[in-house]
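**Q** work-v2.pdb is reproduced below (PDB, C-alpha atoms).
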```pdb
ATOM      1  CA  MET L   1      15.236 -11.886  41.799  1.00  0.00           C
ATOM      2  CA  LEU L   2      11.923 -12.302  39.981  1.00  0.00           C
ATOM      3  CA  ALA L   3       8.876 -12.240  42.237  1.00  0.00           C
ATOM      4  CA  TRP L   4       7.453 -15.396  40.664  1.00  0.00           C
ATOM      5  CA  SER L   5      10.711 -17.372  41.117  1.00  0.00           C
ATOM      6  CA  ARG L   6      11.554 -19.383  44.202  1.00  0.00           C
ATOM      7  CA  GLN L   7      12.552 -17.076  47.053  1.00  0.00           C
ATOM      8  CA  PRO L   8      15.736 -17.658  49.090  1.00  0.00           C
ATOM      9  CA  ASP L   9      13.865 -18.602  52.283  1.00  0.00           C
ATOM     10  CA  GLU L  10      11.138 -20.616  50.493  1.00  0.00           C
ATOM     11  CA  SER L  11      11.175 -24.396  50.832  1.00  0.00           C
ATOM     12  CA  ALA L  12      10.717 -26.609  47.775  1.00  0.00           C
ATOM     13  CA  ARG L  13       7.281 -27.761  49.089  1.00  0.00           C
ATOM     14  CA  ALA L  14       6.172 -24.158  49.733  1.00  0.00           C
ATOM     15  CA  PHE L  15       7.331 -23.101  46.253  1.00  0.00           C
ATOM     16  CA  GLN L  16       5.509 -26.048  44.686  1.00  0.00           C
ATOM     17  CA  ALA L  17       2.335 -24.867  46.447  1.00  0.00           C
ATOM     18  CA  PHE L  18       2.948 -21.303  45.211  1.00  0.00           C
ATOM     19  CA  GLU L  19       3.392 -22.534  41.618  1.00  0.00           C
ATOM     20  CA  LEU L  20       0.082 -24.361  41.856  1.00  0.00           C
ATOM     21  CA  TYR L  21      -1.586 -21.243  43.267  1.00  0.00           C
ATOM     22  CA  ARG L  22       0.073 -19.034  40.618  1.00  0.00           C
ATOM     23  CA  ASP L  23      -1.005 -21.230  37.698  1.00  0.00           C
ATOM     24  CA  MET L  24      -4.662 -21.589  38.750  1.00  0.00           C
ATOM     25  CA  GLY L  25      -5.565 -18.290  37.137  1.00  0.00           C
ATOM     26  CA  PRO L  26      -8.388 -15.993  38.268  1.00  0.00           C
ATOM     27  CA  GLU L  27     -10.199 -18.845  40.057  1.00  0.00           C
ATOM     28  CA  ARG L  28      -7.252 -19.527  42.356  1.00  0.00           C
ATOM     29  CA  SER L  29      -7.747 -20.007  46.107  1.00  0.00           C
ATOM     30  CA  LEU L  30      -5.723 -21.261  49.050  1.00  0.00           C
ATOM     31  CA  ALA L  31      -8.382 -23.869  49.767  1.00  0.00           C
ATOM     32  CA  LYS L  32      -8.032 -25.316  46.248  1.00  0.00           C
ATOM     33  CA  VAL L  33      -4.248 -25.476  46.583  1.00  0.00           C
ATOM     34  CA  GLY L  34      -4.515 -27.228  49.944  1.00  0.00           C
ATOM     35  CA  GLN L  35      -7.055 -29.682  48.553  1.00  0.00           C
ATOM     36  CA  GLU L  36      -4.843 -30.385  45.493  1.00  0.00           C
ATOM     37  CA  LEU L  37      -1.769 -31.066  47.676  1.00  0.00           C
ATOM     38  CA  GLY L  38      -3.598 -32.741  50.534  1.00  0.00           C
ATOM     39  CA  LYS L  39      -2.518 -30.013  52.954  1.00  0.00           C
ATOM     40  CA  SER L  40      -4.469 -27.890  55.409  1.00  0.00           C
ATOM     41  CA  VAL L  41      -5.813 -24.460  54.504  1.00  0.00           C
ATOM     42  CA  SER L  42      -4.034 -23.019  57.552  1.00  0.00           C
ATOM     43  CA  LEU L  43      -0.640 -24.211  56.205  1.00  0.00           C
ATOM     44  CA  MET L  44      -1.466 -22.624  52.836  1.00  0.00           C
ATOM     45  CA  GLU L  45      -2.411 -19.370  54.593  1.00  0.00           C
ATOM     46  CA  ARG L  46       0.891 -19.375  56.495  1.00  0.00           C
ATOM     47  CA  TRP L  47       2.995 -20.052  53.378  1.00  0.00           C
ATOM     48  CA  SER L  48       1.031 -17.449  51.422  1.00  0.00           C
ATOM     49  CA  SER L  49       1.572 -14.851  54.155  1.00  0.00           C
ATOM     50  CA  GLU L  50       5.265 -15.649  54.693  1.00  0.00           C
ATOM     51  CA  HIS L  51       6.122 -15.641  50.976  1.00  0.00           C
ATOM     52  CA  ASP L  52       3.749 -12.917  49.696  1.00  0.00           C
ATOM     53  CA  TRP L  53       1.874 -15.134  47.235  1.00  0.00           C
ATOM     54  CA  VAL L  54      -0.755 -12.485  46.402  1.00  0.00           C
ATOM     55  CA  ASP L  55       1.796  -9.742  45.644  1.00  0.00           C
ATOM     56  CA  ARG L  56       4.005 -12.128  43.659  1.00  0.00           C
ATOM     57  CA  VAL L  57       1.063 -13.186  41.483  1.00  0.00           C
ATOM     58  CA  LYS L  58       0.107  -9.527  40.981  1.00  0.00           C
ATOM     59  CA  ALA L  59       3.690  -8.777  39.864  1.00  0.00           C
ATOM     60  CA  LEU L  60       3.564 -11.684  37.408  1.00  0.00           C
ATOM     61  CA  GLU L  61       0.179 -10.599  36.034  1.00  0.00           C
ATOM     62  CA  ALA L  62       1.455  -7.014  35.653  1.00  0.00           C
ATOM     63  CA  ARG L  63       4.481  -8.343  33.753  1.00  0.00           C
ATOM     64  CA  ASP L  64       2.229 -10.463  31.486  1.00  0.00           C
ATOM     65  CA  GLN L  65      -0.060  -7.486  30.854  1.00  0.00           C
ATOM     66  CA  MET L  66       2.942  -5.336  29.940  1.00  0.00           C
ATOM     67  CA  LEU L  67       4.219  -8.023  27.534  1.00  0.00           C
ATOM     68  CA  LYS L  68       0.783  -8.224  25.884  1.00  0.00           C
ATOM     69  CA  HIS L  69       0.663  -4.440  25.600  1.00  0.00           C
ATOM     70  CA  ASP L  70       4.170  -4.385  24.080  1.00  0.00           C
ATOM     71  CA  ALA L  71       3.203  -7.151  21.631  1.00  0.00           C
ATOM     72  CA  VAL L  72       0.107  -5.214  20.537  1.00  0.00           C
ATOM     73  CA  GLU L  73       2.155  -2.017  20.167  1.00  0.00           C
ATOM     74  CA  GLU L  74       4.774  -3.871  18.125  1.00  0.00           C
ATOM     75  CA  HIS L  75       2.079  -5.397  15.896  1.00  0.00           C
ATOM     76  CA  LEU L  76       0.457  -1.993  15.325  1.00  0.00           C
ATOM     77  CA  ARG L  77       3.838  -0.393  14.604  1.00  0.00           C
ATOM     78  CA  GLU L  78       4.718  -3.105  12.056  1.00  0.00           C
ATOM     79  CA  LYS L  79       1.282  -2.765  10.468  1.00  0.00           C
ATOM     80  CA  ALA L  80       1.671   1.029  10.223  1.00  0.00           C
ATOM     81  CA  GLU L  81       5.158   0.677   8.715  1.00  0.00           C
ATOM     82  CA  ASP L  82       3.867  -1.867   6.177  1.00  0.00           C
ATOM     83  CA  HIS L  83       0.984   0.463   5.299  1.00  0.00           C
ATOM     84  CA  ALA L  84       3.407   3.380   4.867  1.00  0.00           C
ATOM     85  CA  ARG L  85       5.681   1.266   2.627  1.00  0.00           C
ATOM     86  CA  ARG L  86       2.714   0.219   0.474  1.00  0.00           C
ATOM     87  CA  GLU L  87       1.462   3.823   0.244  1.00  0.00           C
ATOM     88  CA  THR L  88       4.941   4.950  -0.826  1.00  0.00           C
ATOM     89  CA  ARG L  89       5.059   2.246  -3.515  1.00  0.00           C
ATOM     90  CA  LEU L  90       1.624   3.326  -4.793  1.00  0.00           C
ATOM     91  CA  ARG L  91       2.671   6.985  -4.902  1.00  0.00           C
ATOM     92  CA  GLU L  92       5.871   6.047  -6.756  1.00  0.00           C
ATOM     93  CA  LYS L  93       3.882   4.002  -9.289  1.00  0.00           C
ATOM     94  CA  ALA L  94       1.410   6.857  -9.766  1.00  0.00           C
ATOM     95  CA  LEU L  95       4.285   9.303 -10.273  1.00  0.00           C
ATOM     96  CA  GLU L  96       5.934   6.936 -12.744  1.00  0.00           C
ATOM     97  CA  ALA L  97       2.640   6.633 -14.672  1.00  0.00           C
ATOM     98  CA  ARG L  98       2.306  10.430 -14.733  1.00  0.00           C
ATOM     99  CA  GLU L  99       5.882  10.805 -15.977  1.00  0.00           C
ATOM    100  CA  LYS L 100       5.281   8.262 -18.740  1.00  0.00           C
ATOM    101  CA  ALA L 101       2.044  10.005 -19.723  1.00  0.00           C
ATOM    102  CA  MET L 102       3.898  13.334 -19.889  1.00  0.00           C
ATOM    103  CA  GLU L 103       6.724  11.905 -22.003  1.00  0.00           C
ATOM    104  CA  LYS L 104       4.316  10.170 -24.367  1.00  0.00           C
ATOM    105  CA  SER L 105       2.095  13.235 -24.763  1.00  0.00           C
ATOM    106  CA  LEU L 106       5.124  15.405 -25.555  1.00  0.00           C
ATOM    107  CA  ARG L 107       6.405  12.898 -28.122  1.00  0.00           C
ATOM    108  CA  MET L 108       2.948  12.712 -29.669  1.00  0.00           C
ATOM    109  CA  LEU L 109       2.650  16.491 -29.869  1.00  0.00           C
ATOM    110  CA  GLU L 110       6.093  16.833 -31.458  1.00  0.00           C
ATOM    111  CA  TYR L 111       5.373  14.319 -34.177  1.00  0.00           C
ATOM    112  CA  PRO L 112       2.965  14.990 -37.056  1.00  0.00           C
ATOM    113  CA  LEU L 113      -0.316  13.160 -36.985  1.00  0.00           C
ATOM    114  CA  VAL L 114       0.777  10.754 -39.665  1.00  0.00           C
ATOM    115  CA  GLU L 115       2.418   7.368 -39.797  1.00  0.00           C
ATOM    116  CA  GLN L 116       5.201   6.773 -42.253  1.00  0.00           C
ATOM    117  CA  SER L 117       5.592   3.472 -44.044  1.00  0.00           C
ATOM    118  CA  ARG L 118       8.067   2.355 -46.673  1.00  0.00           C
ATOM    119  CA  ARG L 119       7.000   0.373 -49.720  1.00  0.00           C
ATOM    120  CA  VAL L 120       9.515  -1.350 -51.914  1.00  0.00           C
ATOM    121  CA  GLU L 121       8.473  -2.486 -55.403  1.00  0.00           C
ATOM    122  CA  ASP L 122      10.280  -3.683 -58.482  1.00  0.00           C
ATOM    123  CA  GLY L 123      10.623  -0.858 -61.004  1.00  0.00           C
ATOM    124  CA  PRO L 124      10.344  -1.141 -64.795  1.00  0.00           C
ATOM    125  CA  ASP L 125      14.108  -1.401 -65.154  1.00  0.00           C
ATOM    126  CA  GLY L 126      14.351  -4.195 -62.557  1.00  0.00           C
ATOM    127  CA  GLU L 127      15.654  -1.982 -59.775  1.00  0.00           C
ATOM    128  CA  GLU L 128      13.809  -1.511 -56.516  1.00  0.00           C
ATOM    129  CA  GLU L 129      11.673   1.577 -56.204  1.00  0.00           C
ATOM    130  CA  VAL L 130      11.115   2.892 -52.664  1.00  0.00           C
ATOM    131  CA  THR L 131       7.954   4.824 -51.902  1.00  0.00           C
ATOM    132  CA  TYR L 132       7.313   6.549 -48.586  1.00  0.00           C
ATOM    133  CA  VAL L 133       3.649   6.650 -47.640  1.00  0.00           C
ATOM    134  CA  PHE L 134       2.245   8.972 -44.975  1.00  0.00           C
ATOM    135  CA  GLU L 135      -1.120   8.021 -43.496  1.00  0.00           C
ATOM    136  CA  PRO L 136      -3.122   9.378 -40.553  1.00  0.00           C
ATOM    137  CA  THR L 137      -2.088   7.900 -37.233  1.00  0.00           C
ATOM    138  CA  ARG L 138      -4.339   5.808 -35.040  1.00  0.00           C
ATOM    139  CA  TRP L 139      -4.103   8.293 -32.187  1.00  0.00           C
ATOM    140  CA  SER L 140      -5.499  11.777 -32.070  1.00  0.00           C
ATOM    141  CA  LEU L 141      -4.430  15.118 -30.673  1.00  0.00           C
ATOM    142  CA  ALA L 142      -7.235  14.750 -28.172  1.00  0.00           C
ATOM    143  CA  THR L 143      -5.440  11.636 -26.901  1.00  0.00           C
ATOM    144  CA  ALA L 144      -2.195  13.610 -26.488  1.00  0.00           C
ATOM    145  CA  VAL L 145      -4.013  16.384 -24.637  1.00  0.00           C
ATOM    146  CA  GLN L 146      -5.715  13.852 -22.383  1.00  0.00           C
ATOM    147  CA  LEU L 147      -2.394  12.135 -21.673  1.00  0.00           C
ATOM    148  CA  TYR L 148      -0.895  15.505 -20.771  1.00  0.00           C
ATOM    149  CA  ALA L 149      -3.805  16.194 -18.428  1.00  0.00           C
ATOM    150  CA  MET L 150      -3.295  12.790 -16.801  1.00  0.00           C
ATOM    151  CA  SER L 151       0.389  13.606 -16.301  1.00  0.00           C
ATOM    152  CA  GLN L 152      -0.665  16.702 -14.346  1.00  0.00           C
ATOM    153  CA  GLY L 153      -2.794  14.615 -12.015  1.00  0.00           C
ATOM    154  CA  GLY L 154      -6.051  15.657 -13.684  1.00  0.00           C
ATOM    155  CA  GLY L 155      -7.977  14.778 -16.774  1.00  0.00           C
ATOM    156  CA  PRO L 156     -10.245  11.884 -17.532  1.00  0.00           C
ATOM    157  CA  THR L 157      -9.842   8.376 -16.214  1.00  0.00           C
ATOM    158  CA  GLU L 158      -8.761   5.489 -18.423  1.00  0.00           C
ATOM    159  CA  ALA L 159     -12.390   4.387 -18.750  1.00  0.00           C
ATOM    160  CA  GLU L 160     -13.411   7.911 -19.780  1.00  0.00           C
ATOM    161  CA  LEU L 161     -10.610   7.978 -22.350  1.00  0.00           C
ATOM    162  CA  GLU L 162     -11.968   4.784 -23.897  1.00  0.00           C
ATOM    163  CA  GLU L 163     -15.440   6.314 -24.137  1.00  0.00           C
ATOM    164  CA  THR L 164     -14.200   9.456 -25.928  1.00  0.00           C
ATOM    165  CA  GLY L 165     -12.999   7.507 -28.961  1.00  0.00           C
ATOM    166  CA  GLU L 166     -10.740   9.066 -31.569  1.00  0.00           C
ATOM    167  CA  MET L 167     -11.040  11.831 -34.154  1.00  0.00           C
ATOM    168  CA  ASP L 168     -11.027  10.780 -37.777  1.00  0.00           C
ATOM    169  CA  LEU L 169      -8.309  12.917 -39.393  1.00  0.00           C
ATOM    170  CA  ALA L 170      -8.105  11.024 -42.684  1.00  0.00           C
ATOM    171  CA  ASP L 171      -9.666  13.847 -44.762  1.00  0.00           C
ATOM    172  CA  LEU L 172      -7.367  16.613 -43.458  1.00  0.00           C
ATOM    173  CA  SER L 173      -4.474  17.884 -45.527  1.00  0.00           C
ATOM    174  CA  GLU L 174      -0.970  18.068 -44.124  1.00  0.00           C
ATOM    175  CA  ASP L 175      -1.319  21.841 -43.648  1.00  0.00           C
ATOM    176  CA  GLU L 176      -4.628  21.386 -41.829  1.00  0.00           C
ATOM    177  CA  LEU L 177      -3.056  18.749 -39.608  1.00  0.00           C
ATOM    178  CA  ARG L 178      -0.148  21.089 -38.803  1.00  0.00           C
ATOM    179  CA  HIS L 179      -2.557  23.924 -37.898  1.00  0.00           C
ATOM    180  CA  LEU L 180      -4.589  21.543 -35.754  1.00  0.00           C
ATOM    181  CA  LEU L 181      -1.434  20.388 -33.963  1.00  0.00           C
ATOM    182  CA  GLU L 182      -0.399  23.986 -33.272  1.00  0.00           C
ATOM    183  CA  ALA L 183      -3.863  24.843 -31.952  1.00  0.00           C
ATOM    184  CA  HIS L 184      -4.004  21.792 -29.703  1.00  0.00           C
ATOM    185  CA  ALA L 185      -0.546  22.530 -28.326  1.00  0.00           C
ATOM    186  CA  LYS L 186      -1.970  25.787 -26.930  1.00  0.00           C
ATOM    187  CA  ILE L 187      -4.989  24.161 -25.282  1.00  0.00           C
ATOM    188  CA  LYS L 188      -4.796  23.895 -21.495  1.00  0.00           C
ATOM    189  CA  TRP L 189      -6.706  21.303 -19.548  1.00  0.00           C
ATOM    190  CA  VAL L 190      -8.911  22.870 -16.865  1.00  0.00           C
ATOM    191  CA  PRO L 191     -10.202  20.211 -14.468  1.00  0.00           C
ATOM    192  CA  PRO L 192     -13.755  20.669 -13.214  1.00  0.00           C
ATOM    193  CA  SER L 193     -14.161  22.387  -9.855  1.00  0.00           C
ATOM    194  CA  PRO L 194     -15.336  20.278  -6.895  1.00  0.00           C
ATOM    195  CA  GLY L 195     -18.881  21.565  -7.409  1.00  0.00           C
ATOM    196  CA  GLY L 196     -18.862  20.401 -11.016  1.00  0.00           C
ATOM    197  CA  LYS L 197     -18.847  23.940 -12.498  1.00  0.00           C
ATOM    198  CA  ARG L 198     -15.983  25.760 -14.174  1.00  0.00           C
TER     199      ARG L 198
END
```
Can the structure from this file be put into structure tokens for me?
**A**
Amino acid sequence: MLAWSRQPDESARAFQAFELYRDMGPERSLAKVGQELGKSVSLMERWSSEHDWVDRVKALEARDQMLKHDAVEEHLREKAEDHARRETRLREKALEAREKAMEKSLRMLEYPLVEQSRRVEDGPDGEEEVTYVFEPTRWSLATAVQLYAMSQGGGPTEAELEETGEMDLADLSEDELRHLLEAHAKIKWVPPSPGGKR
């Protein structure tokens, strides 16, 4: 039986007085209960002694304190689990971004630094003439190298990439572009040391 419930040998009037005493909070007193019910303090003292009012209230307060503690623990646990889920999602997104950067940098390095376009014109005999035009791309090998560095968890930030701009490769021949591509493929990104020196 719960300590704050009506006890087997407790009369309805005595339990009503206990409930009033129990619900008064920290400012409770037997005198206040007696005054509220129009009963003598001595009767309240007898009921309190016979039915262990003080110990029953302490048991109830201990139960309430435990419930509050459990609620706080549950809240903190849920908050920690939510934080862990969000951290996992962020790590997965970062890994996905690194994988995409790696794939893109590899595709860029495998492809010549030119864009191919197809022009169709009417020929002198009325048939279509197809011309393939190769022009420098809008990205540079530096961009591919930087993307590769990003895929390794290093390299410049997106803002730093924007500041670096692009190389103008328009005046290079196809052989020069091929040599440049081969040279850049051998370049390794070395991130700065924590002290800022290499």
**Q** Output, as JSON, the centre and edge lengths in Å (one decimal) of the axis-aligned box that contains all listed atoms of stretch 77-93 of chain L with 5 Å of margin on each side.
**A**
```
{"center_x": 3.4, "center_y": 1.9, "center_z": 2.7, "size_x": 14.9, "size_y": 20.1, "size_z": 33.9}
```
**Q** How far is it from atom CA of L:Trp47 to atom CA of L:Leu30, in Å with one decimal?
**A**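 Distance between the two atoms: 9.8 Å.
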**Q** Got a sec to check which residues sit within 7 Å of (-1.7, -17.8, 35.6), counting only C-alpha atoms, and write them as a list in words?
**A** Arg22, Asp23, Met24 and Gly25 of chain L
**Q** In Å, how far is it from atom CA of L:Val33 to atom CA of L:Arg46?
**A**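 That distance, rounded to one decimal, is 12.7 Å.
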**Q** List the spatial neighbours of L:Glu10 as a ChimeraX atom specification - criterion: any atom at most 10 Å away, all atoms listed in the file, same-chain residues fewer than 6 positions off excluded.
**A** /L:16,18,47,50-51
**Q** Store the residues picked out above in a file with C-alpha atoms, as an mmCIF file, keeping the file's coordinate frame.
**A**
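Here's the written file result-v6.cif:
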```cif
data_model
loop_
_atom_site.group_PDB
_atom_site.id
_atom_site.type_symbol
_atom_site.label_atom_id
_atom_site.label_comp_id
_atom_site.auth_asym_id
_atom_site.auth_seq_id
_atom_site.Cartn_x
_atom_site.Cartn_y
_atom_site.Cartn_z
ATOM 1 C CA GLN L 16 5.509 -26.048 44.686
ATOM 2 C CA PHE L 18 2.948 -21.303 45.211
ATOM 3 C CA TRP L 47 2.995 -20.052 53.378
ATOM 4 C CA GLU L 50 5.265 -15.649 54.693
ATOM 5 C CA HIS L 51 6.122 -15.641 50.976
#
```
**Q** Can you tell me how far atom CA of L:Glu19 sits from atom CA of L:Arg63, in Å to one decimal?
**A**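 Between atom CA of L:Glu19 and atom CA of L:Arg63 the gap works out to 16.3 Å.
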